[in-house]
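Structure first, commentary second.
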Amino acid sequence: MHAAGLAAPAGTPRLRKWPSKRRVPGSQPGMADPHQFFDDTSSTPSRGYGAQPSPGGLGYPSPSSSPEAAFLANPMSNMAMAYGSSLAAHGKELVDKNIDRFIPVTKLKYYFAVDTVYVGRKLGLLVFPYLHQDWEVQYQQDTPVAPRFDINAPDLYIPAMAFITYILVAGLALGTQDRFSPDLLGLQASSALAWLTLEVVAILLSLYLVTVNTDLTTIDLVAFLGYKYVGMIGGVLMGLLFGKIGYYLMLGWCCVSIFVFMIRTLRLKILAQAAAEGVPVRGARNQLRMYLTMAVAAAQPLLMYWLTFHLVR
């Protein structure tokens, strides 16, 4: 069968087939494909802050290209960092040694080893010391026991809290009299600290001149001298509640109590050491030690009155 036999019959219109082509609009510079959802920025420079795309991906700089990484990768920088660390550790050790020389920070933990029972019993002893019999400080292997185990041991918790409370009560008293001001309250605190410092220096100088060999340390003196703030607080509060009569009654009681407390406490610290050294009771040096003990105890009521009388009107 020939191909001519497959020809369309005559009279039938002949359809001409054209190849189908999809017309794609030509892209012009500056124009994106309308069928594309996102712009292709892989071949164009980044316009954000003038930064170039980095091989790290996602447009962020790789960690290896940061200045810190480059600095740490340098061997000389590692040596400098090691030397700086050792120098800082040596300096810290030197500072700790010098601070411990002048301010025994490690010993301060002993003076704050208190509990609620100790604080309550100590406050009762400061206000009513007349019936207390045993004033000896207890020792364990030549080391004084912690204050929470011995009511006679000095502590810094009560003096510190009493000093802060005294400043607050002084501000309250000044406020009730319409005389409160930050400068006046600061003057009250600074004057109390100045008198305490003067007391400590005077006692240490007196002990040196009298040549007293005692285990009474500077922190012990601060603790014993700071107990007078308890009576000062009581006097000012009674003055605010009951006027000057209440102030004088309460302050007078607390002054006598602190005098008895200081006599019985310092007597064991100063005079007992003299007895252990074999110094005669009626000797001249022992008399000086007795006078020193009496002077320290008598100074407490005077300072209690001096620091509080202007707060009650």
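Convention: chains lettered A, B, ... in structure tokens order; per-chain residue numbering from 1; ligands numbered from 1 as shown.
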
Just list as number ranges by chain whatever in region 190-237 of chain A DSSP marks as alpha helix (DSSP H). A: 190-210, 218-226, 228-237

Residues within 12 Å of Phe180 (chain A), please, as a PyMOL selection string. Count only C-alpha atoms; anything in the same chain fewer than 6 positions from it doesn't count. chain A and resi 168-174+186-188+311

| Residue contacts of Arg289 (chain A) (8 Å, only C-alpha atoms) excluding same-chain residues fewer than 5 positions away, as a PyMOL selection string | chain A and resi 210+212+270-271

### Query
What lies within 12 Å of Tyr247 (chain A) using only C-alpha atoms, ignoring chain neighbours under 5 positions off, as a list in words?
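These residues fall inside the cut-off: Gly231, Met232, Ile233, Gly234, Gly235, Val236, Leu237, Met238, Gly239, Leu240, Leu241, Phe242, Gly252, Trp253, Cys254, Cys255, Met304, Tyr305, Thr308, Phe309, His310, Leu311, Val312 and Arg313 of chain A.
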
Counting only C-alpha atoms, closest pick from A:Thr116, A:Ser257, A:Gln177, A:Gln287 relative to Tyr130 (chain A) is A:Ser257
